[in-house]
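Chemist: Following this line is structure12.json, made up of JSON, C-alpha atoms and all ligand atoms:
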```json
[["chain", "number", "residue", "atom", "x", "y", "z"],
["A", 1, "MET", "CA", 16.99, -28.80, -3.51],
["A", 2, "ALA", "CA", 14.01, -26.92, -4.95],
["A", 3, "ARG", "CA", 13.93, -24.27, -7.67],
["A", 4, "VAL", "CA", 12.59, -20.88, -6.63],
["A", 5, "PHE", "CA", 11.59, -18.17, -9.09],
["A", 6, "ILE", "CA", 12.07, -14.67, -7.67],
["A", 7, "SER", "CA", 10.20, -12.02, -9.63],
["A", 8, "ARG", "CA", 12.60, -9.18, -8.81],
["A", 9, "ASP", "CA", 16.17, -8.90, -7.66],
["A", 10, "LEU", "CA", 16.18, -8.53, -3.86],
["A", 11, "PRO", "CA", 19.44, -6.87, -2.87],
["A", 12, "PHE", "CA", 19.30, -8.15, 0.69],
["A", 13, "PRO", "CA", 21.08, -10.85, 2.75],
["A", 14, "ALA", "CA", 17.91, -12.93, 2.85],
["A", 15, "LEU", "CA", 18.50, -13.99, -0.73],
["A", 16, "ASP", "CA", 21.84, -15.58, 0.24],
["A", 17, "ARG", "CA", 20.05, -17.73, 2.83],
["A", 18, "LEU", "CA", 17.72, -18.96, 0.13],
["A", 19, "LYS", "CA", 20.59, -19.62, -2.26],
["A", 20, "GLU", "CA", 22.39, -21.73, 0.34],
["A", 21, "GLN", "CA", 19.58, -24.25, 0.26],
["A", 22, "HIS", "CA", 17.88, -23.92, -3.10],
["A", 23, "GLU", "CA", 18.41, -23.14, -6.74],
["A", 24, "VAL", "CA", 17.32, -19.58, -7.37],
["A", 25, "ASP", "CA", 16.10, -18.09, -10.66],
["A", 26, "VAL", "CA", 15.97, -14.29, -10.38],
["A", 27, "TRP", "CA", 14.17, -11.93, -12.79],
["A", 28, "GLU", "CA", 16.96, -9.38, -13.07],
["A", 29, "GLU", "CA", 15.12, -6.52, -14.77],
["A", 30, "ARG", "CA", 13.78, -3.53, -12.85],
["A", 31, "THR", "CA", 10.34, -3.90, -14.42],
["A", 32, "PRO", "CA", 8.14, -6.90, -13.57],
["A", 33, "PRO", "CA", 8.19, -9.97, -15.83],
["A", 34, "PRO", "CA", 5.56, -9.73, -18.58],
["A", 35, "ALA", "CA", 2.74, -12.24, -18.06],
["A", 36, "ASP", "CA", 4.05, -14.81, -20.58],
["A", 37, "ALA", "CA", 7.61, -14.69, -19.21],
["A", 38, "PHE", "CA", 6.29, -14.94, -15.65],
["A", 39, "LEU", "CA", 4.29, -18.04, -16.51],
["A", 40, "ALA", "CA", 7.19, -19.64, -18.38],
["A", 41, "ARG", "CA", 9.53, -19.14, -15.44],
["A", 42, "ALA", "CA", 6.90, -20.31, -12.93],
["A", 43, "GLN", "CA", 6.42, -23.49, -14.95],
["A", 44, "GLU", "CA", 10.02, -24.38, -14.14],
["A", 45, "ALA", "CA", 9.76, -23.54, -10.45],
["A", 46, "ASP", "CA", 8.76, -25.34, -7.27],
["A", 47, "ALA", "CA", 8.12, -22.11, -5.42],
["A", 48, "LEU", "CA", 7.64, -18.39, -6.15],
["A", 49, "LEU", "CA", 8.85, -15.32, -4.31],
["A", 50, "LEU", "CA", 6.75, -12.44, -5.65],
["A", 51, "THR", "CA", 6.10, -8.75, -5.19],
["A", 52, "VAL", "CA", 2.84, -6.82, -5.40],
["A", 53, "THR", "CA", 3.08, -6.49, -9.19],
["A", 54, "GLU", "CA", 2.74, -10.18, -10.05],
["A", 55, "LYS", "CA", -0.80, -11.46, -10.50],
["A", 56, "VAL", "CA", -1.58, -15.07, -9.66],
["A", 57, "ASP", "CA", -4.98, -16.70, -10.15],
["A", 58, "GLY", "CA", -6.37, -20.19, -10.52],
["A", 59, "ASP", "CA", -5.65, -20.39, -14.26],
["A", 60, "PHE", "CA", -2.07, -19.39, -13.69],
["A", 61, "LEU", "CA", -1.63, -22.03, -10.99],
["A", 62, "ASP", "CA", -3.18, -24.70, -13.22],
["A", 63, "GLN", "CA", -0.67, -23.84, -15.92],
["A", 64, "ALA", "CA", 2.25, -23.96, -13.47],
["A", 65, "PRO", "CA", 1.49, -27.21, -11.61],
["A", 66, "SER", "CA", 5.02, -27.58, -10.23],
["A", 67, "VAL", "CA", 4.51, -24.56, -7.92],
["A", 68, "ARG", "CA", 3.91, -25.73, -4.36],
["A", 69, "ALA", "CA", 4.55, -22.57, -2.29],
["A", 70, "ILE", "CA", 4.26, -18.80, -2.79],
["A", 71, "ALA", "CA", 5.80, -16.07, -0.66],
["A", 72, "ASN", "CA", 4.60, -12.54, -1.33],
["A", 73, "CYS", "CA", 7.20, -9.94, -0.37],
["A", 74, "ALA", "CA", 4.42, -7.65, 0.90],
["A", 75, "VAL", "CA", 1.80, -7.60, 3.62],
["A", 76, "GLY", "CA", -0.98, -7.08, 1.08],
["A", 77, "THR", "CA", -1.89, -10.16, -0.94],
["A", 78, "ASP", "CA", -4.56, -8.83, -3.29],
["A", 79, "ASN", "CA", -2.32, -9.75, -6.26],
["A", 80, "ILE", "CA", -2.85, -13.43, -5.42],
["A", 81, "ASP", "CA", -6.13, -15.32, -5.53],
["A", 82, "LEU", "CA", -5.85, -16.84, -2.07],
["A", 83, "GLU", "CA", -8.90, -19.02, -2.49],
["A", 84, "ALA", "CA", -7.50, -20.52, -5.70],
["A", 85, "ALA", "CA", -4.21, -21.22, -3.93],
["A", 86, "ALA", "CA", -5.98, -22.81, -0.95],
["A", 87, "GLN", "CA", -8.08, -25.01, -3.26],
["A", 88, "ARG", "CA", -4.83, -26.33, -4.73],
["A", 89, "ASP", "CA", -3.14, -26.74, -1.32],
["A", 90, "ILE", "CA", -0.52, -24.14, -2.17],
["A", 91, "PRO", "CA", 0.48, -22.20, 0.94],
["A", 92, "VAL", "CA", 0.83, -18.43, 0.53],
["A", 93, "GLY", "CA", 2.80, -16.27, 2.95],
["A", 94, "ASN", "CA", 3.12, -12.52, 3.48],
["A", 95, "THR", "CA", 5.31, -10.13, 5.50],
["A", 96, "PRO", "CA", 3.25, -8.55, 8.30],
["A", 97, "GLY", "CA", 4.57, -6.34, 11.09],
["A", 98, "VAL", "CA", 7.92, -5.32, 9.66],
["A", 99, "LEU", "CA", 6.51, -2.58, 7.44],
["A", 100, "THR", "CA", 4.00, -1.15, 9.90],
["A", 101, "ASP", "CA", 6.05, 1.83, 11.05],
["A", 102, "ALA", "CA", 7.48, 2.72, 7.65],
["A", 103, "THR", "CA", 4.01, 2.71, 6.07],
["A", 104, "ALA", "CA", 2.43, 4.71, 8.91],
["A", 105, "ASP", "CA", 5.32, 7.18, 8.58],
["A", 106, "ILE", "CA", 4.49, 7.73, 4.91],
["A", 107, "ALA", "CA", 0.78, 8.10, 5.70],
["A", 108, "PHE", "CA", 1.53, 10.73, 8.33],
["A", 109, "ALA", "CA", 4.09, 12.42, 6.09],
["A", 110, "LEU", "CA", 1.44, 12.70, 3.36],
["A", 111, "LEU", "CA", -1.04, 14.17, 5.83],
["A", 112, "LEU", "CA", 1.45, 16.75, 7.07],
["A", 113, "ALA", "CA", 2.66, 17.56, 3.57],
["A", 114, "ILE", "CA", -0.77, 18.22, 2.11],
["A", 115, "ALA", "CA", -2.21, 19.94, 5.19],
["A", 116, "ARG", "CA", 0.78, 22.32, 5.28],
["A", 117, "ARG", "CA", 1.02, 22.60, 1.47],
["A", 118, "LEU", "CA", 4.66, 21.54, 1.28],
["A", 119, "PRO", "CA", 4.66, 20.58, -2.44],
["A", 120, "GLU", "CA", 3.23, 24.01, -3.35],
["A", 121, "GLY", "CA", 5.74, 25.77, -1.15],
["A", 122, "GLU", "CA", 8.66, 23.88, -2.60],
["A", 123, "ALA", "CA", 7.50, 24.63, -6.14],
["A", 124, "GLU", "CA", 7.30, 28.37, -5.30],
["A", 125, "VAL", "CA", 10.88, 28.35, -4.06],
["A", 126, "ARG", "CA", 12.33, 26.39, -6.99],
["A", 127, "GLU", "CA", 10.36, 28.34, -9.60],
["A", 128, "GLY", "CA", 11.44, 31.75, -8.30],
["A", 129, "ARG", "CA", 7.93, 32.64, -7.06],
["A", 130, "TRP", "CA", 8.89, 33.07, -3.38],
["A", 131, "ALA", "CA", 7.40, 36.47, -2.50],
["A", 132, "PRO", "CA", 8.14, 38.37, 0.77],
["A", 133, "TRP", "CA", 6.45, 37.03, 3.91],
["A", 134, "HIS", "CA", 2.73, 37.75, 4.02],
["A", 135, "PRO", "CA", 0.26, 36.87, 6.79],
["A", 136, "GLY", "CA", -2.14, 35.31, 4.32],
["A", 137, "HIS", "CA", 0.43, 33.32, 2.34],
["A", 138, "MET", "CA", -0.09, 29.57, 1.88],
["A", 139, "LEU", "CA", -2.38, 28.98, 4.85],
["A", 140, "GLY", "CA", -3.02, 25.31, 5.49],
["A", 141, "GLY", "CA", -4.89, 23.09, 7.92],
["A", 142, "ASP", "CA", -4.10, 22.32, 11.55],
["A", 143, "LEU", "CA", -3.53, 18.86, 12.93],
["A", 144, "ALA", "CA", -3.35, 19.49, 16.70],
["A", 145, "ASP", "CA", -6.76, 19.50, 18.38],
["A", 146, "THR", "CA", -8.45, 18.01, 15.31],
["A", 147, "THR", "CA", -9.97, 14.56, 14.81],
["A", 148, "LEU", "CA", -8.18, 11.97, 12.70],
["A", 149, "GLY", "CA", -10.50, 9.32, 11.30],
["A", 150, "ILE", "CA", -8.83, 6.02, 10.55],
["A", 151, "ILE", "CA", -10.56, 3.54, 8.27],
["A", 152, "GLY", "CA", -9.27, 0.03, 8.99],
["A", 153, "TRP", "CA", -7.89, -0.90, 12.40],
["A", 154, "GLY", "CA", -5.05, -3.27, 11.65],
["A", 155, "ARG", "CA", -1.41, -2.79, 12.56],
["A", 156, "ILE", "CA", -0.82, 0.12, 10.19],
["A", 157, "GLY", "CA", -4.05, 1.93, 11.06],
["A", 158, "GLN", "CA", -3.17, 1.68, 14.75],
["A", 159, "ALA", "CA", 0.39, 2.88, 14.08],
["A", 160, "MET", "CA", -1.11, 5.87, 12.24],
["A", 161, "ALA", "CA", -3.30, 6.49, 15.29],
["A", 162, "ARG", "CA", -0.21, 6.61, 17.54],
["A", 163, "ARG", "CA", 1.36, 9.19, 15.25],
["A", 164, "GLY", "CA", -1.82, 11.26, 15.30],
["A", 165, "GLU", "CA", -1.96, 11.10, 19.11],
["A", 166, "GLY", "CA", 1.63, 12.27, 19.22],
["A", 167, "PHE", "CA", 0.59, 15.34, 17.25],
["A", 168, "GLY", "CA", -2.29, 16.08, 19.63],
["A", 169, "MET", "CA", -5.07, 14.66, 17.48],
["A", 170, "LYS", "CA", -8.17, 12.89, 18.72],
["A", 171, "ILE", "CA", -8.53, 9.48, 17.05],
["A", 172, "VAL", "CA", -11.67, 7.75, 15.85],
["A", 173, "HIS", "CA", -11.72, 4.62, 13.76],
["A", 174, "SER", "CA", -14.05, 2.49, 11.70],
["A", 175, "SER", "CA", -13.45, -1.12, 10.79],
["A", 176, "ARG", "CA", -15.43, -4.28, 10.10],
["A", 177, "SER", "CA", -15.32, -5.32, 13.76],
["A", 178, "SER", "CA", -14.87, -2.17, 15.83],
["A", 179, "GLY", "CA", -15.15, 1.59, 16.00],
["A", 180, "ILE", "CA", -17.87, 3.86, 14.66],
["A", 181, "PRO", "CA", -19.87, 3.53, 11.43],
["A", 182, "LEU", "CA", -18.00, 4.72, 8.34],
["A", 183, "ASP", "CA", -20.51, 7.49, 7.56],
["A", 184, "GLU", "CA", -20.17, 8.87, 11.08],
["A", 185, "LEU", "CA", -16.39, 8.79, 10.81],
["A", 186, "LEU", "CA", -16.47, 10.65, 7.49],
["A", 187, "GLU", "CA", -18.82, 13.31, 8.81],
["A", 188, "THR", "CA", -17.02, 13.95, 12.09],
["A", 189, "SER", "CA", -13.34, 13.62, 11.16],
["A", 190, "ASP", "CA", -11.20, 16.60, 10.28],
["A", 191, "HIS", "CA", -8.86, 14.31, 8.34],
["A", 192, "VAL", "CA", -9.27, 10.75, 7.09],
["A", 193, "SER", "CA", -6.66, 8.06, 6.50],
["A", 194, "LEU", "CA", -7.45, 4.78, 4.75],
["A", 195, "HIS", "CA", -5.79, 1.53, 5.92],
["A", 196, "THR", "CA", -7.91, -1.38, 4.72],
["A", 197, "PRO", "CA", -6.70, -4.27, 2.58],
["A", 198, "LEU", "CA", -8.16, -4.41, -0.93],
["A", 199, "THR", "CA", -10.89, -7.05, -1.07],
["A", 200, "PRO", "CA", -14.12, -7.29, -3.08],
["A", 201, "GLU", "CA", -15.85, -5.60, -0.07],
["A", 202, "THR", "CA", -13.41, -2.66, 0.10],
["A", 203, "LYS", "CA", -13.15, -1.96, -3.64],
["A", 204, "HIS", "CA", -14.11, 1.71, -4.13],
["A", 205, "LEU", "CA", -14.93, 1.95, -0.43],
["A", 206, "MET", "CA", -14.28, 5.66, -0.88],
["A", 207, "GLY", "CA", -16.48, 6.92, -3.71],
["A", 208, "ALA", "CA", -18.56, 10.01, -4.50],
["A", 209, "PRO", "CA", -21.05, 9.55, -1.62],
["A", 210, "GLN", "CA", -18.22, 9.08, 0.88],
["A", 211, "PHE", "CA", -16.23, 12.12, -0.25],
["A", 212, "ALA", "CA", -19.46, 14.14, -0.16],
["A", 213, "ARG", "CA", -19.83, 13.27, 3.53],
["A", 214, "MET", "CA", -16.38, 14.55, 4.45],
["A", 215, "LYS", "CA", -15.80, 18.07, 5.72],
["A", 216, "LYS", "CA", -14.78, 20.58, 3.04],
["A", 217, "THR", "CA", -11.69, 21.35, 5.13],
["A", 218, "ALA", "CA", -10.68, 17.69, 5.49],
["A", 219, "TYR", "CA", -7.59, 16.05, 4.02],
["A", 220, "PHE", "CA", -7.69, 12.46, 2.79],
["A", 221, "VAL", "CA", -4.78, 10.01, 2.80],
["A", 222, "ASN", "CA", -4.53, 6.57, 1.20],
["A", 223, "THR", "CA", -1.59, 4.22, 1.74],
["A", 224, "SER", "CA", -3.52, 0.94, 1.36],
["A", 225, "ARG", "CA", -4.28, 0.03, -2.26],
["A", 226, "GLY", "CA", -5.41, 2.26, -5.10],
["A", 227, "GLY", "CA", -8.47, 0.11, -5.75],
["A", 228, "THR", "CA", -10.04, 1.09, -2.42],
["A", 229, "VAL", "CA", -10.72, 4.55, -3.88],
["A", 230, "ASP", "CA", -12.87, 5.54, -6.84],
["A", 231, "GLN", "CA", -10.31, 7.84, -8.39],
["A", 232, "ALA", "CA", -12.75, 9.61, -10.70],
["A", 233, "ALA", "CA", -14.81, 10.49, -7.63],
["A", 234, "LEU", "CA", -11.71, 11.66, -5.78],
["A", 235, "LYS", "CA", -10.73, 13.87, -8.71],
["A", 236, "ASP", "CA", -14.22, 15.41, -8.76],
["A", 237, "ALA", "CA", -14.24, 15.89, -4.98],
["A", 238, "LEU", "CA", -10.93, 17.77, -5.18],
["A", 239, "LYS", "CA", -11.99, 19.82, -8.20],
["A", 240, "ASN", "CA", -15.34, 20.74, -6.66],
["A", 241, "GLY", "CA", -13.81, 21.63, -3.30],
["A", 242, "GLU", "CA", -15.71, 18.87, -1.48],
["A", 243, "ILE", "CA", -12.50, 18.05, 0.42],
["A", 244, "ALA", "CA", -9.42, 20.19, 1.00],
["A", 245, "GLY", "CA", -6.79, 17.86, -0.42],
["A", 246, "ALA", "CA", -5.48, 14.32, -0.72],
["A", 247, "GLY", "CA", -2.21, 12.46, -0.34],
["A", 248, "LEU", "CA", -1.81, 9.10, -2.04],
["A", 249, "ASP", "CA", 0.92, 6.48, -1.92],
["A", 250, "VAL", "CA", -1.17, 4.08, -4.00],
["A", 251, "THR", "CA", -3.22, 4.49, -7.16],
["A", 252, "ASP", "CA", -5.08, 2.41, -9.70],
["A", 253, "PRO", "CA", -3.33, 1.66, -11.96],
["A", 254, "GLU", "CA", 0.27, 1.72, -10.83],
["A", 255, "PRO", "CA", 2.31, 3.30, -12.22],
["A", 256, "LEU", "CA", -0.19, 6.11, -12.71],
["A", 257, "PRO", "CA", 0.33, 7.56, -16.21],
["A", 258, "ALA", "CA", 1.49, 11.17, -16.13],
["A", 259, "ASP", "CA", -1.58, 12.14, -18.19],
["A", 260, "ASP", "CA", -4.08, 10.40, -15.87],
["A", 261, "PRO", "CA", -7.07, 12.73, -15.26],
["A", 262, "LEU", "CA", -6.55, 12.38, -11.50],
["A", 263, "LEU", "CA", -3.39, 14.43, -11.78],
["A", 264, "THR", "CA", -5.37, 17.42, -13.05],
["A", 265, "ALA", "CA", -6.97, 17.73, -9.59],
["A", 266, "PRO", "CA", -5.77, 20.49, -7.26],
["A", 267, "ASN", "CA", -4.30, 19.96, -3.78],
["A", 268, "LEU", "CA", -3.17, 16.43, -4.55],
["A", 269, "LEU", "CA", 0.14, 14.85, -3.63],
["A", 270, "VAL", "CA", 0.93, 11.44, -5.12],
["A", 271, "VAL", "CA", 4.05, 9.41, -4.35],
["A", 272, "PRO", "CA", 4.92, 6.14, -6.11],
["A", 273, "HIS", "CA", 3.95, 3.34, -3.65],
["A", 274, "VAL", "CA", 6.89, 3.86, -1.31],
["A", 275, "GLY", "CA", 5.18, 3.10, 2.01],
["A", 276, "SER", "CA", 7.58, 0.31, 2.89],
["A", 277, "ALA", "CA", 10.58, 1.75, 1.07],
["A", 278, "THR", "CA", 13.24, 2.00, 3.75],
["A", 279, "VAL", "CA", 16.42, -0.05, 3.68],
["A", 280, "ARG", "CA", 15.65, -1.81, 6.96],
["A", 281, "THR", "CA", 12.01, -2.46, 6.17],
["A", 282, "ARG", "CA", 12.60, -3.92, 2.72],
["A", 283, "SER", "CA", 15.40, -6.08, 4.08],
["A", 284, "ARG", "CA", 13.11, -7.39, 6.82],
["A", 285, "MET", "CA", 10.35, -8.05, 4.30],
["A", 286, "ALA", "CA", 12.78, -10.12, 2.23],
["A", 287, "ASP", "CA", 13.75, -12.00, 5.42],
["A", 288, "LEU", "CA", 10.14, -12.89, 6.21],
["A", 289, "ALA", "CA", 9.44, -13.91, 2.61],
["A", 290, "VAL", "CA", 12.48, -16.18, 2.61],
["A", 291, "ASP", "CA", 11.52, -17.61, 6.03],
["A", 292, "ASN", "CA", 8.11, -18.47, 4.59],
["A", 293, "LEU", "CA", 9.62, -20.23, 1.60],
["A", 294, "LEU", "CA", 12.28, -22.10, 3.54],
["A", 295, "ALA", "CA", 9.65, -23.41, 5.93],
["A", 296, "ALA", "CA", 7.25, -24.46, 3.18],
["A", 297, "LEU", "CA", 9.97, -26.16, 1.15],
["A", 298, "ALA", "CA", 11.10, -28.05, 4.27],
["A", 299, "GLY", "CA", 7.55, -29.31, 4.70],
["A", 300, "ASP", "CA", 6.84, -27.02, 7.67],
["A", 301, "GLU", "CA", 4.12, -24.42, 8.23],
["A", 302, "MET", "CA", 4.99, -20.95, 6.92],
["A", 303, "PRO", "CA", 5.56, -18.59, 9.88],
["A", 304, "ASN", "CA", 3.29, -16.02, 8.19],
["A", 305, "ARG", "CA", 0.79, -17.96, 6.19],
["A", 306, "VAL", "CA", -2.33, -16.24, 4.84],
["A", 307, "ALA", "CA", -3.76, -19.10, 2.79],
["B", 1, "LIG", "C1", 2.66, -4.18, 1.00],
["B", 1, "LIG", "O1", 3.50, -4.76, 1.69],
["B", 1, "LIG", "O2", 1.54, -4.63, 0.83],
["B", 1, "LIG", "C2", 3.06, -2.89, 0.36],
["B", 1, "LIG", "O3", 2.08, -2.33, -0.39],
["B", 1, "LIG", "C3", 4.32, -3.05, -0.44],
["B", 1, "LIG", "O4", 5.31, -2.99, 0.49]]
```
Render the structure in this file as C-alpha cells.
Ligand code: DGY
Modeler:
Amino acid sequence: MARVFISRDLPFPALDRLKEQHEVDVWEERTPPPADAFLARAQEADALLLTVTEKVDGDFLDQAPSVRAIANCAVGTDNIDLEAAAQRDIPVGNTPGVLTDATADIAFALLLAIARRLPEGEAEVREGRWAPWHPGHMLGGDLADTTLGIIGWGRIGQAMARRGEGFGMKIVHSSRSSGIPLDELLETSDHVSLHTPLTPETKHLMGAPQFARMKKTAYFVNTSRGGTVDQAALKDALKNGEIAGAGLDVTDPEPLPADDPLLTAPNLLVVPHVGSATVRTRSRMADLAVDNLLAALAGDEMPNRVA
C-alpha cells in the first residue's frame, strides 16, 4: 500500500477507487496548500495527485525523494517541470480528451457572449438601464459567414473549429505543424481563439505586435493558459480599439486581483478558469488521474503519461 497526497478534495467516485488500494492524504481546504505545507505533505508521500495550482520543479522533487509518480488532474501540465521529473524517472500523467468538449463550449460561449455583448446587456437590465427598443442599441459582431482563426490545433482547438462550423463560420488554423502562418491568421480572421499549451515558446505568443495585426472588429478568446497572452498588451489593445473585445477563461496570475489593470479595459469578459467545470468532466478527469496513479503504483505504464 502506497501513500498518496491529494492536493484538493475530489468529490468524485474515483477517489474511492484510490482509497481501496492506497492510503490517501487529502488537503481538505478549498484553497491550495501553501508551498511549505505542500512540500511537507509530499515528503510523506509515494505519489501525488495534483491540480493546476501546485507547482513542482526539480528542487521540489529533490526535497521530496519518496515521490515516485505524479498525476495532474488537468490536461495542461505547465505547473510541473516535466524534464525535471523525467530526469528523476518520475512518471507524470495528465487527463486528455475528457475535457475537450467542456473547454471548447466555454471558448465558444465566451466568443458568443462578447460578440453579442451579453454582459453589458445583463448589466443594463439589472441596473434599471433597459431603455425601449432602438435599432441602434447594443449592436455587436456577427459570427455566421465570418472567419474564425484558431491558434493551436490540438483536441480543443479542433473541437472549437467544429462549433464554429456549426455556426456557419469558415475556419483557419495555425499551429507548429500545420495551417497558415500566425501573422496571416491574425490579419485574415474575423475572430481569434487561442488553444496552445503554455511552454517557453508560447509564453506571450499574443503580444502588442500580434494584437496590432488583428482586425479592429475582431474578438479574441483565450481558454488555454493566461501566460500565453501579454496582458498589458491586451489591455492596451482593448483600450485603444485595436480589437473589438476579448473573452478570457484564464489569466496571469490566477486568481486575477479585482484591481488588476486588465479589468479597466472595455469590452472584456473574464471568467474564473472554468473551462472544464462540469460535473461529468471533472469526474472523468479524476477518473483518469486515479487510473494514472493506480497504474504507476502497480509498476505499470500510466495510460496517459506525458513524461
Ligand atoms: C486543464 O485541464 O489543463 C484545465 O486548465 C483545468 O481543467
Chemist: Calculated over only C-alpha atoms, which of the candidates A:Val52, A:Ala212, A:Val221, A:Ile151 has the smallest distance to Ser178 (chain A)?
Modeler: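 Once distances to Ser178 (chain A) are computed over only C-alpha atoms, the minimum belongs to A:Ile151.
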Chemist: Tell me which residues come within 9 Å of (4.8, 2.9, 0.1), as a list in words, counting all atoms listed in the file in the file's coordinates.
Modeler: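 Output: Ala102, Thr103, Ile106, Ala107, Thr223, Ser224, Asp249, Val250, Val271, Pro272, His273, Val274, Gly275, Ser276 and Ala277 of chain A.
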Chemist: Quick one, how far is CA of Val67 (chain A) from CA of Ala45 (chain A)?
Modeler: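 Calculated distance between CA of Val67 (chain A) and CA of Ala45 (chain A) is 5.9 Å.
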Chemist: Please report as CSV every residue of chain A lying within 12 Å of ligand LIG 1 (chain B), along with the nearest atom pair and their distance in Å (one decimal), using all atoms listed in the file.
Modeler:
```
residue,atom,partner,partner_atom,distance
A:Leu50,CA,B:LIG1,C3,11.0
A:Thr51,CA,B:LIG1,C3,7.6
A:Val52,CA,B:LIG1,C3,6.4
A:Thr53,CA,B:LIG1,C3,9.5
A:Ala71,CA,B:LIG1,O1,11.8
A:Asn72,CA,B:LIG1,O1,8.4
A:Cys73,CA,B:LIG1,O1,6.7
A:Ala74,CA,B:LIG1,O1,3.1
A:Val75,CA,B:LIG1,O1,3.8
A:Gly76,CA,B:LIG1,O2,3.5
A:Thr77,CA,B:LIG1,O2,6.7
A:Asp78,CA,B:LIG1,O2,8.5
A:Asn79,CA,B:LIG1,O2,9.6
A:Ile80,CA,B:LIG1,O2,11.7
A:Gly93,CA,B:LIG1,O1,11.6
A:Asn94,CA,B:LIG1,O1,8.0
A:Thr95,CA,B:LIG1,O1,6.8
A:Pro96,CA,B:LIG1,O1,7.6
A:Gly97,CA,B:LIG1,O1,9.6
A:Val98,CA,B:LIG1,O1,9.1
A:Leu99,CA,B:LIG1,O1,6.8
A:Thr100,CA,B:LIG1,O1,9.0
A:Asp101,CA,B:LIG1,O4,11.6
A:Ala102,CA,B:LIG1,O4,9.4
A:Thr103,CA,B:LIG1,C2,8.1
A:Ala104,CA,B:LIG1,C2,11.5
A:Ile106,CA,B:LIG1,O3,11.6
A:Ile156,CA,B:LIG1,O1,10.7
A:His195,CA,B:LIG1,O3,10.8
A:Thr196,CA,B:LIG1,O2,10.7
A:Pro197,CA,B:LIG1,O2,8.4
A:Leu198,CA,B:LIG1,O2,9.9
A:Asn222,CA,B:LIG1,O3,11.2
A:Thr223,CA,B:LIG1,O3,7.8
A:Ser224,CA,B:LIG1,O3,6.7
A:Arg225,CA,B:LIG1,O3,7.0
A:Gly226,CA,B:LIG1,O3,10.0
A:Asp249,CA,B:LIG1,O3,9.0
A:Val250,CA,B:LIG1,O3,8.0
A:Thr251,CA,B:LIG1,O3,11.0
A:Glu254,CA,B:LIG1,O3,11.3
A:Pro272,CA,B:LIG1,O3,10.6
A:His273,CA,B:LIG1,O3,6.8
A:Val274,CA,B:LIG1,O4,7.3
A:Gly275,CA,B:LIG1,O4,6.3
A:Ser276,CA,B:LIG1,O4,4.7
A:Ala277,CA,B:LIG1,O4,7.1
A:Thr278,CA,B:LIG1,O4,9.9
A:Val279,CA,B:LIG1,O4,11.9
A:Thr281,CA,B:LIG1,O4,8.8
A:Arg282,CA,B:LIG1,O4,7.7
A:Ser283,CA,B:LIG1,O4,11.1
A:Arg284,CA,B:LIG1,O4,11.0
A:Met285,CA,B:LIG1,O1,8.0
A:Ala286,CA,B:LIG1,O4,10.5
A:Leu288,CA,B:LIG1,O1,11.4
A:Ala289,CA,B:LIG1,O1,10.9
```
Chemist: Export C-alpha atoms of the chosen residues as a compact mmCIF listing (two decimals), keeping the file's coordinate frame?
Modeler:
```txt
# COMPACT_ATOMS: atom_id res chain seq x y z
CA LEU A 50 6.75 -12.44 -5.65
CA THR A 51 6.10 -8.75 -5.19
CA VAL A 52 2.84 -6.82 -5.40
CA THR A 53 3.08 -6.49 -9.19
CA ALA A 71 5.80 -16.07 -0.66
CA ASN A 72 4.60 -12.54 -1.33
CA CYS A 73 7.20 -9.94 -0.37
CA ALA A 74 4.42 -7.65 0.90
CA VAL A 75 1.80 -7.60 3.62
CA GLY A 76 -0.98 -7.08 1.08
CA THR A 77 -1.89 -10.16 -0.94
CA ASP A 78 -4.56 -8.83 -3.29
CA ASN A 79 -2.32 -9.75 -6.26
CA ILE A 80 -2.85 -13.43 -5.42
CA GLY A 93 2.80 -16.27 2.95
CA ASN A 94 3.12 -12.52 3.48
CA THR A 95 5.31 -10.13 5.50
CA PRO A 96 3.25 -8.55 8.30
CA GLY A 97 4.57 -6.34 11.09
CA VAL A 98 7.92 -5.32 9.66
CA LEU A 99 6.51 -2.58 7.44
CA THR A 100 4.00 -1.15 9.90
CA ASP A 101 6.05 1.83 11.05
CA ALA A 102 7.48 2.72 7.65
CA THR A 103 4.01 2.71 6.07
CA ALA A 104 2.43 4.71 8.91
CA ILE A 106 4.49 7.73 4.91
CA ILE A 156 -0.82 0.12 10.19
CA HIS A 195 -5.79 1.53 5.92
CA THR A 196 -7.91 -1.38 4.72
CA PRO A 197 -6.70 -4.27 2.58
CA LEU A 198 -8.16 -4.41 -0.93
CA ASN A 222 -4.53 6.57 1.20
CA THR A 223 -1.59 4.22 1.74
CA SER A 224 -3.52 0.94 1.36
CA ARG A 225 -4.28 0.03 -2.26
CA GLY A 226 -5.41 2.26 -5.10
CA ASP A 249 0.92 6.48 -1.92
CA VAL A 250 -1.17 4.08 -4.00
CA THR A 251 -3.22 4.49 -7.16
CA GLU A 254 0.27 1.72 -10.83
CA PRO A 272 4.92 6.14 -6.11
CA HIS A 273 3.95 3.34 -3.65
CA VAL A 274 6.89 3.86 -1.31
CA GLY A 275 5.18 3.10 2.01
CA SER A 276 7.58 0.31 2.89
CA ALA A 277 10.58 1.75 1.07
CA THR A 278 13.24 2.00 3.75
CA VAL A 279 16.42 -0.05 3.68
CA THR A 281 12.01 -2.46 6.17
CA ARG A 282 12.60 -3.92 2.72
CA SER A 283 15.40 -6.08 4.08
CA ARG A 284 13.11 -7.39 6.82
CA MET A 285 10.35 -8.05 4.30
CA ALA A 286 12.78 -10.12 2.23
CA LEU A 288 10.14 -12.89 6.21
CA ALA A 289 9.44 -13.91 2.61
```
Chemist: Nearest to Ala237 (chain A) among A:Arg88, A:Lys216, A:Ile171, A:Pro253, with distances taken over all atoms listed in the file: which residue is it?
Modeler: A:Lys216
Chemist: Rounded to one decimal place, report the CA of Leu15 (chain A)-CA of Val290 (chain A) distance in Å.
Modeler: 7.2 Å
Chemist: For CA of Pro135 (chain A) and CA of Glu120 (chain A), quote the distance in Å rounded to one decimal.
Modeler: 16.6 Å
Chemist: Would you kindly identify which residues have an atom no farther than 12 Å from (5.2, -12.5, -19.0), using only C-alpha atoms and the file's own coordinates, and write them out as a list of chain:residue names?
Modeler: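 The answer, in the requested form, is A:Ser7, A:Trp27, A:Thr31, A:Pro32, A:Pro33, A:Pro34, A:Ala35, A:Asp36, A:Ala37, A:Phe38, A:Leu39, A:Ala40, A:Arg41, A:Ala42, A:Gln43, A:Thr53, A:Glu54, A:Lys55, A:Val56, A:Phe60.
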